[in-house]
Structures are given as C-alpha cells and as structure tokens.
Amino acid sequence: MTNIEPVAYPNRYTTWTRSDLLEEVRTKVKKSRFEHILRVEEAALLLAKQYGADPEACSIAALLHDYAKDSSRSEIEGLVSDGHIEAVLLDYGSQIWHGPVGAYYAKETFGVEDHEILQAIDQHTIGGEEMSLIGKILFIADYTESGRDFPGVEKARELAKKDLDEACIYKITQTLLHLVQTGKRIYPHTVTVYNTWV
Ligand SMILES: [Fe+2]
Ligand SMILES: [Fe+2]
C-alpha cells in the first residue's frame with residue numbers, strides 16, 4: 001500500500017484503500033458482476049453529487065453491495081450456524097441473503113462500522129421501511145446503472161433525476177410486480193416495505 005493512490009479514501013469508514021478494496025471484491029465475484037459494481041459506484045457518485053451525500057460513503061456502499069452475491073449456499077449456511085445471519089434468509093435464496101451477508105462482510109472483513117453504509121448494503125435488495133440518503137442512493141444506483149436494460153429503466157432514470165423517493169417507490173413497486181408476475185416467492189419483509197412506501 002502506498003499513499004499515492006489517485007483516488008484515496010480519507011479512511012473515515014474503512015482502513016482499506018479503494019484499490020485494495022477493489023482487488024478483494026474482484027477475487028470474490030464473477031467478472032460481469034465486478035463490472036456491474038463499478039457502474040453502480042459511478043451511478044452512486046453522480047447521485048451523491050446531485051443529492052448532497054458523502055461520496056466516500058456512497059463509493060464504499062456501492063463497491064461492497066454485491067460482495068456476497070456469488071457466495072455459495074454452504075458459505076451462507078456456515079454464517080447461519082455461527083449465528084451471524086438469520087436462518088430464514090436461506091429460504092429465499094441469494095437474491096435476498098446477499099444484502100445482509102454483504103453488510104456482515106463489510107463490517108467483519110472491511111471494518112466498516114458506519115450504520116448508514118451497513119444498512120444501505122443490507123437493504124439494497126428489497127429496500128427498507130426507513131432508508132438513509134446513502135441507502136436510497138445505493139438502491140437506485142443499483143437499479144439504474146448504465147448497464148441496466150429492462151422495460152422501465154428509462155423511467156427509473158428520469159425519476160432518479162427529479163425525486164429520489166419517487167424513484168424508490170417505483171423500484172419497490174416494479175420489483176414486487178415482477179416477482180408476482182414471474183411466480184416467485186416473496187420475502188415477507190418486501191411486502192412490509194411496499195406498504196410503508198405507498
Ligand atoms: Fe445486489
Ligand atoms: Fe447490484
């Protein structure tokens with residue numbers, strides 16, 4: 001590690017440099033996911049500028065948000081049996097568990113203690129009844145990053161430029177609709193979050 005990183009964190013949230021953190025993330029996720037993570041960071045930094053959030057916090061939340069997405073089921077089962085993760089998450093697959101598990105690793109591996117960063121990572125899969133500005137930014141950056149291409153993404157991008165809360169409501173609603181339309185099981189808290197936001 002040196003002090004001549006072109007983009008060095010002031011280390012308010014983690015002792016890891018951005019480049020070391022990136023290298024660790026690169027070893028943990030598949031290549032396409034790593035590229036998505038970089039695009040989420042880019043989108044999050046744009047939103048941070050627009051809405052006045054701390055760019056360092058948004059960067060860390062973005063870079064770590066999918067750290068656990070390619071973790072194996074046995075790895076998660078180990079975390080459950082050690083009491084770090086709730087067992088019920090195993091019933092809903094990686095789509096749900098990778099948020100809480102990512103937050104766990106952000107704290108345990110990267111030493112992040114900041115509640116808003118940890119909560120943002122925890123909530124990024126389904127949103128939360130109460131979300132911080134960083135949480136909303138990660139939630140929407142993940143949904144609208146430049147590589148996303150699904151019906152409605154342009155509308156989500158437009159909303160994100162005007163009103164972050166409206167963008168969150170849109171994502172929460174569209175995600176729930178998609179789960180119902182494709183016959184997927186719904187993690188109960190997803191409905192609670194929907195009810196809170198609408
Ligand atoms: Fe994710
Ligand atoms: Fe993501």
# chains A, B, ... in the order shown; residues from 1 in each chain; ligands from 1
>>> residues_near_ligand(ligand="ligand 2", cutoff="9 Å", atoms="only C-alpha atoms and all ligand atoms", output="PyMOL selection string")
chain A and resi 33+36-37+40+62+65-66+69+124-125+138-139+141-143
>>> residues_around(residues="Leu64 (chain A)", least_positions_apart="6", cutoff="9 Å", atoms="only C-alpha atoms", output="list in words")
Leu21, Leu22, Val25, Ile37, Gly102, Ala103, Tyr105, Ala106 and Ile121 of chain A
>>> write_last_selection(atoms="C-alpha atoms", output="PDB file, in the first residue's frame")
ATOM      1  CA  LEU A  21     -10.804  -2.974  -1.545  1.00  0.00           C
ATOM      2  CA  LEU A  22     -11.464  -3.280  -5.281  1.00  0.00           C
ATOM      3  CA  VAL A  25     -14.003  -7.566  -4.394  1.00  0.00           C
ATOM      4  CA  ILE A  37     -20.295  -2.994  -9.237  1.00  0.00           C
ATOM      5  CA  GLY A 102     -22.768  -8.236   2.306  1.00  0.00           C
ATOM      6  CA  ALA A 103     -23.344  -5.966   5.298  1.00  0.00           C
ATOM      7  CA  TYR A 105     -18.695  -8.817   5.444  1.00  0.00           C
ATOM      8  CA  ALA A 106     -18.484  -5.030   5.147  1.00  0.00           C
ATOM      9  CA  ILE A 121     -25.833  -2.693   1.837  1.00  0.00           C
TER      10      ILE A 121
END
>>> atom_distance(atom1="CA of Lys161 (chain A)", atom2="CA of Gln95 (chain A)")
26.6 Å
>>> residues_around(residues="Leu159 (chain A)", least_positions_apart="6", cutoff="12 Å", atoms="only C-alpha atoms", output="ChimeraX atom specification")
/A:47,140-141,143-144,152-153,165-171
>>> write_last_selection(atoms="N, CA, C and O atoms", output="PDB file, in the first residue's frame")
ATOM      1  N   LEU A  47     -25.355  10.429  -8.193  1.00  0.00           N
ATOM      2  CA  LEU A  47     -26.495  10.724  -7.312  1.00  0.00           C
ATOM      3  C   LEU A  47     -26.028  11.424  -6.030  1.00  0.00           C
ATOM      4  O   LEU A  47     -26.707  12.317  -5.519  1.00  0.00           O
ATOM      5  N   ILE A 140     -31.059   2.972  -5.763  1.00  0.00           N
ATOM      6  CA  ILE A 140     -31.401   3.457  -7.103  1.00  0.00           C
ATOM      7  C   ILE A 140     -30.206   3.339  -8.064  1.00  0.00           C
ATOM      8  O   ILE A 140     -30.379   3.045  -9.247  1.00  0.00           O
ATOM      9  N   ALA A 141     -29.012   3.525  -7.581  1.00  0.00           N
ATOM     10  CA  ALA A 141     -27.830   3.352  -8.452  1.00  0.00           C
ATOM     11  C   ALA A 141     -27.768   1.912  -8.957  1.00  0.00           C
ATOM     12  O   ALA A 141     -27.460   1.655 -10.126  1.00  0.00           O
ATOM     13  N   TYR A 143     -30.201   0.005  -9.489  1.00  0.00           N
ATOM     14  CA  TYR A 143     -31.334  -0.218 -10.408  1.00  0.00           C
ATOM     15  C   TYR A 143     -31.140   0.485 -11.748  1.00  0.00           C
ATOM     16  O   TYR A 143     -31.649   0.032 -12.765  1.00  0.00           O
ATOM     17  N   THR A 144     -30.423   1.582 -11.736  1.00  0.00           N
ATOM     18  CA  THR A 144     -30.374   2.425 -12.942  1.00  0.00           C
ATOM     19  C   THR A 144     -28.983   2.523 -13.567  1.00  0.00           C
ATOM     20  O   THR A 144     -28.808   3.271 -14.526  1.00  0.00           O
ATOM     21  N   GLY A 152     -38.731  -0.102 -18.423  1.00  0.00           N
ATOM     22  CA  GLY A 152     -38.934   0.765 -17.266  1.00  0.00           C
ATOM     23  C   GLY A 152     -37.666   1.410 -16.743  1.00  0.00           C
ATOM     24  O   GLY A 152     -37.727   2.310 -15.908  1.00  0.00           O
ATOM     25  N   VAL A 153     -36.508   0.972 -17.229  1.00  0.00           N
ATOM     26  CA  VAL A 153     -35.280   1.545 -16.665  1.00  0.00           C
ATOM     27  C   VAL A 153     -35.145   3.027 -17.004  1.00  0.00           C
ATOM     28  O   VAL A 153     -34.669   3.818 -16.170  1.00  0.00           O
ATOM     29  N   ASP A 165     -37.047   9.767  -3.810  1.00  0.00           N
ATOM     30  CA  ASP A 165     -38.094   8.973  -3.158  1.00  0.00           C
ATOM     31  C   ASP A 165     -39.051   8.369  -4.187  1.00  0.00           C
ATOM     32  O   ASP A 165     -39.469   7.217  -4.053  1.00  0.00           O
ATOM     33  N   GLU A 166     -39.397   9.168  -5.191  1.00  0.00           N
ATOM     34  CA  GLU A 166     -40.279   8.652  -6.244  1.00  0.00           C
ATOM     35  C   GLU A 166     -39.610   7.475  -6.970  1.00  0.00           C
ATOM     36  O   GLU A 166     -40.259   6.494  -7.347  1.00  0.00           O
ATOM     37  N   ALA A 167     -38.317   7.602  -7.174  1.00  0.00           N
ATOM     38  CA  ALA A 167     -37.575   6.510  -7.821  1.00  0.00           C
ATOM     39  C   ALA A 167     -37.608   5.256  -6.944  1.00  0.00           C
ATOM     40  O   ALA A 167     -37.759   4.136  -7.445  1.00  0.00           O
ATOM     41  N   CYS A 168     -37.479   5.441  -5.634  1.00  0.00           N
ATOM     42  CA  CYS A 168     -37.534   4.288  -4.716  1.00  0.00           C
ATOM     43  C   CYS A 168     -38.902   3.621  -4.767  1.00  0.00           C
ATOM     44  O   CYS A 168     -38.995   2.387  -4.832  1.00  0.00           O
ATOM     45  N   ILE A 169     -39.962   4.420  -4.745  1.00  0.00           N
ATOM     46  CA  ILE A 169     -41.316   3.855  -4.810  1.00  0.00           C
ATOM     47  C   ILE A 169     -41.485   3.076  -6.115  1.00  0.00           C
ATOM     48  O   ILE A 169     -42.048   1.972  -6.132  1.00  0.00           O
ATOM     49  N   TYR A 170     -40.966   3.635  -7.176  1.00  0.00           N
ATOM     50  CA  TYR A 170     -41.073   2.966  -8.484  1.00  0.00           C
ATOM     51  C   TYR A 170     -40.371   1.613  -8.454  1.00  0.00           C
ATOM     52  O   TYR A 170     -40.911   0.591  -8.863  1.00  0.00           O
ATOM     53  N   LYS A 171     -39.141   1.602  -7.943  1.00  0.00           N
ATOM     54  CA  LYS A 171     -38.387   0.340  -7.906  1.00  0.00           C
ATOM     55  C   LYS A 171     -39.080  -0.693  -7.011  1.00  0.00           C
ATOM     56  O   LYS A 171     -39.204  -1.864  -7.383  1.00  0.00           O
TER      57      LYS A 171
END
>>> closest_residue(among="A:Thr190, A:Ser132, A:Asn11, A:Ser94", to="ligand 1", atoms="only C-alpha atoms and all ligand atoms")
A:Ser94
>>> decode(residues="region 43-154 of chain A", atoms="C-alpha atoms", output="PDB file, in the first residue's frame")
ATOM      1  CA  ALA A  43     -24.103   5.967 -10.718  1.00  0.00           C
ATOM      2  CA  ALA A  44     -23.968   6.335  -6.936  1.00  0.00           C
ATOM      3  CA  LEU A  45     -21.347   9.084  -7.149  1.00  0.00           C
ATOM      4  CA  LEU A  46     -23.499  11.015  -9.634  1.00  0.00           C
ATOM      5  CA  LEU A  47     -26.495  10.724  -7.312  1.00  0.00           C
ATOM      6  CA  ALA A  48     -24.324  11.648  -4.320  1.00  0.00           C
ATOM      7  CA  LYS A  49     -23.326  14.853  -6.094  1.00  0.00           C
ATOM      8  CA  GLN A  50     -26.897  15.650  -7.079  1.00  0.00           C
ATOM      9  CA  TYR A  51     -28.427  14.955  -3.666  1.00  0.00           C
ATOM     10  CA  GLY A  52     -25.560  16.091  -1.458  1.00  0.00           C
ATOM     11  CA  ALA A  53     -24.439  12.779   0.027  1.00  0.00           C
ATOM     12  CA  ASP A  54     -20.935  11.842   1.163  1.00  0.00           C
ATOM     13  CA  PRO A  55     -19.159  10.435  -1.914  1.00  0.00           C
ATOM     14  CA  GLU A  56     -16.786   8.250   0.100  1.00  0.00           C
ATOM     15  CA  ALA A  57     -19.664   6.567   1.936  1.00  0.00           C
ATOM     16  CA  CYS A  58     -21.577   6.067  -1.309  1.00  0.00           C
ATOM     17  CA  SER A  59     -18.483   4.647  -3.007  1.00  0.00           C
ATOM     18  CA  ILE A  60     -17.851   2.112  -0.239  1.00  0.00           C
ATOM     19  CA  ALA A  61     -21.508   1.085  -0.110  1.00  0.00           C
ATOM     20  CA  ALA A  62     -21.524   0.614  -3.888  1.00  0.00           C
ATOM     21  CA  LEU A  63     -18.254  -1.306  -4.087  1.00  0.00           C
ATOM     22  CA  LEU A  64     -19.293  -3.702  -1.328  1.00  0.00           C
ATOM     23  CA  HIS A  65     -23.022  -4.054  -2.053  1.00  0.00           C
ATOM     24  CA  ASP A  66     -22.781  -7.277  -4.093  1.00  0.00           C
ATOM     25  CA  TYR A  67     -19.695  -8.700  -2.372  1.00  0.00           C
ATOM     26  CA  ALA A  68     -21.717 -11.722  -1.193  1.00  0.00           C
ATOM     27  CA  LYS A  69     -23.792 -12.245  -4.339  1.00  0.00           C
ATOM     28  CA  ASP A  70     -21.638 -15.125  -5.585  1.00  0.00           C
ATOM     29  CA  SER A  71     -21.153 -16.695  -2.167  1.00  0.00           C
ATOM     30  CA  SER A  72     -22.086 -20.370  -2.068  1.00  0.00           C
ATOM     31  CA  ARG A  73     -25.002 -21.717  -0.107  1.00  0.00           C
ATOM     32  CA  SER A  74     -22.611 -23.655   2.117  1.00  0.00           C
ATOM     33  CA  GLU A  75     -20.754 -20.442   2.940  1.00  0.00           C
ATOM     34  CA  ILE A  76     -24.057 -18.830   3.997  1.00  0.00           C
ATOM     35  CA  GLU A  77     -25.049 -21.944   5.958  1.00  0.00           C
ATOM     36  CA  GLY A  78     -21.777 -21.610   7.843  1.00  0.00           C
ATOM     37  CA  LEU A  79     -22.610 -17.997   8.724  1.00  0.00           C
ATOM     38  CA  VAL A  80     -26.091 -19.064   9.849  1.00  0.00           C
ATOM     39  CA  SER A  81     -24.783 -21.867  12.053  1.00  0.00           C
ATOM     40  CA  ASP A  82     -22.274 -19.477  13.604  1.00  0.00           C
ATOM     41  CA  GLY A  83     -25.167 -17.133  14.433  1.00  0.00           C
ATOM     42  CA  HIS A  84     -24.122 -14.281  12.141  1.00  0.00           C
ATOM     43  CA  ILE A  85     -27.050 -14.466   9.724  1.00  0.00           C
ATOM     44  CA  GLU A  86     -30.746 -15.279  10.252  1.00  0.00           C
ATOM     45  CA  ALA A  87     -31.652 -18.806   9.143  1.00  0.00           C
ATOM     46  CA  VAL A  88     -34.883 -17.669   7.452  1.00  0.00           C
ATOM     47  CA  LEU A  89     -32.793 -15.996   4.739  1.00  0.00           C
ATOM     48  CA  LEU A  90     -31.792 -19.420   3.446  1.00  0.00           C
ATOM     49  CA  ASP A  91     -35.414 -19.998   2.369  1.00  0.00           C
ATOM     50  CA  TYR A  92     -35.297 -17.147  -0.135  1.00  0.00           C
ATOM     51  CA  GLY A  93     -32.009 -17.601  -1.965  1.00  0.00           C
ATOM     52  CA  SER A  94     -29.057 -15.384  -2.740  1.00  0.00           C
ATOM     53  CA  GLN A  95     -31.262 -12.660  -4.205  1.00  0.00           C
ATOM     54  CA  ILE A  96     -32.402 -11.916  -0.650  1.00  0.00           C
ATOM     55  CA  TRP A  97     -29.489 -13.052   1.517  1.00  0.00           C
ATOM     56  CA  HIS A  98     -26.697 -11.255  -0.311  1.00  0.00           C
ATOM     57  CA  GLY A  99     -27.763  -7.916   1.196  1.00  0.00           C
ATOM     58  CA  PRO A 100     -27.478  -8.882   4.868  1.00  0.00           C
ATOM     59  CA  VAL A 101     -24.450 -11.079   4.195  1.00  0.00           C
ATOM     60  CA  GLY A 102     -22.768  -8.236   2.306  1.00  0.00           C
ATOM     61  CA  ALA A 103     -23.344  -5.966   5.298  1.00  0.00           C
ATOM     62  CA  TYR A 104     -21.860  -8.643   7.563  1.00  0.00           C
ATOM     63  CA  TYR A 105     -18.695  -8.817   5.444  1.00  0.00           C
ATOM     64  CA  ALA A 106     -18.484  -5.030   5.147  1.00  0.00           C
ATOM     65  CA  LYS A 107     -18.170  -4.943   8.909  1.00  0.00           C
ATOM     66  CA  GLU A 108     -16.160  -8.082   9.568  1.00  0.00           C
ATOM     67  CA  THR A 109     -13.777  -8.046   6.607  1.00  0.00           C
ATOM     68  CA  PHE A 110     -13.523  -4.357   5.794  1.00  0.00           C
ATOM     69  CA  GLY A 111     -14.042  -2.938   9.274  1.00  0.00           C
ATOM     70  CA  VAL A 112     -16.895  -0.645   8.255  1.00  0.00           C
ATOM     71  CA  GLU A 113     -18.779   0.487  11.354  1.00  0.00           C
ATOM     72  CA  ASP A 114     -20.873   3.255   9.842  1.00  0.00           C
ATOM     73  CA  HIS A 115     -24.520   2.390  10.367  1.00  0.00           C
ATOM     74  CA  GLU A 116     -25.760   4.061   7.182  1.00  0.00           C
ATOM     75  CA  ILE A 117     -23.284   2.228   4.941  1.00  0.00           C
ATOM     76  CA  LEU A 118     -24.025  -1.133   6.575  1.00  0.00           C
ATOM     77  CA  GLN A 119     -27.768  -0.536   6.434  1.00  0.00           C
ATOM     78  CA  ALA A 120     -27.569   0.572   2.781  1.00  0.00           C
ATOM     79  CA  ILE A 121     -25.833  -2.693   1.837  1.00  0.00           C
ATOM     80  CA  ASP A 122     -28.235  -4.719   3.983  1.00  0.00           C
ATOM     81  CA  GLN A 123     -31.298  -3.071   2.416  1.00  0.00           C
ATOM     82  CA  HIS A 124     -30.213  -2.821  -1.198  1.00  0.00           C
ATOM     83  CA  THR A 125     -32.030  -5.965  -2.330  1.00  0.00           C
ATOM     84  CA  ILE A 126     -35.541  -5.096  -1.132  1.00  0.00           C
ATOM     85  CA  GLY A 127     -35.320  -1.583   0.269  1.00  0.00           C
ATOM     86  CA  GLY A 128     -36.262  -0.709   3.823  1.00  0.00           C
ATOM     87  CA  GLU A 129     -39.087   0.883   5.756  1.00  0.00           C
ATOM     88  CA  GLU A 130     -36.693   3.675   6.646  1.00  0.00           C
ATOM     89  CA  MET A 131     -33.781   4.377   4.360  1.00  0.00           C
ATOM     90  CA  SER A 132     -30.990   6.907   4.723  1.00  0.00           C
ATOM     91  CA  LEU A 133     -29.908   9.084   1.815  1.00  0.00           C
ATOM     92  CA  ILE A 134     -26.998   6.697   1.221  1.00  0.00           C
ATOM     93  CA  GLY A 135     -29.420   3.765   1.302  1.00  0.00           C
ATOM     94  CA  LYS A 136     -31.690   5.379  -1.283  1.00  0.00           C
ATOM     95  CA  ILE A 137     -28.732   6.276  -3.486  1.00  0.00           C
ATOM     96  CA  LEU A 138     -27.379   2.715  -3.479  1.00  0.00           C
ATOM     97  CA  PHE A 139     -30.869   1.293  -4.026  1.00  0.00           C
ATOM     98  CA  ILE A 140     -31.401   3.457  -7.103  1.00  0.00           C
ATOM     99  CA  ALA A 141     -27.830   3.352  -8.452  1.00  0.00           C
ATOM    100  CA  ASP A 142     -28.081  -0.450  -8.437  1.00  0.00           C
ATOM    101  CA  TYR A 143     -31.334  -0.218 -10.408  1.00  0.00           C
ATOM    102  CA  THR A 144     -30.374   2.425 -12.942  1.00  0.00           C
ATOM    103  CA  GLU A 145     -26.620   1.945 -13.582  1.00  0.00           C
ATOM    104  CA  SER A 146     -25.696   2.369 -17.234  1.00  0.00           C
ATOM    105  CA  GLY A 147     -25.578  -1.362 -17.982  1.00  0.00           C
ATOM    106  CA  ARG A 148     -29.182  -1.965 -16.904  1.00  0.00           C
ATOM    107  CA  ASP A 149     -31.552  -2.685 -19.734  1.00  0.00           C
ATOM    108  CA  PHE A 150     -35.085  -3.661 -18.755  1.00  0.00           C
ATOM    109  CA  PRO A 151     -38.525  -2.245 -19.519  1.00  0.00           C
ATOM    110  CA  GLY A 152     -38.934   0.765 -17.266  1.00  0.00           C
ATOM    111  CA  VAL A 153     -35.280   1.545 -16.665  1.00  0.00           C
ATOM    112  CA  GLU A 154     -35.542   4.846 -18.538  1.00  0.00           C
TER     113      GLU A 154
END
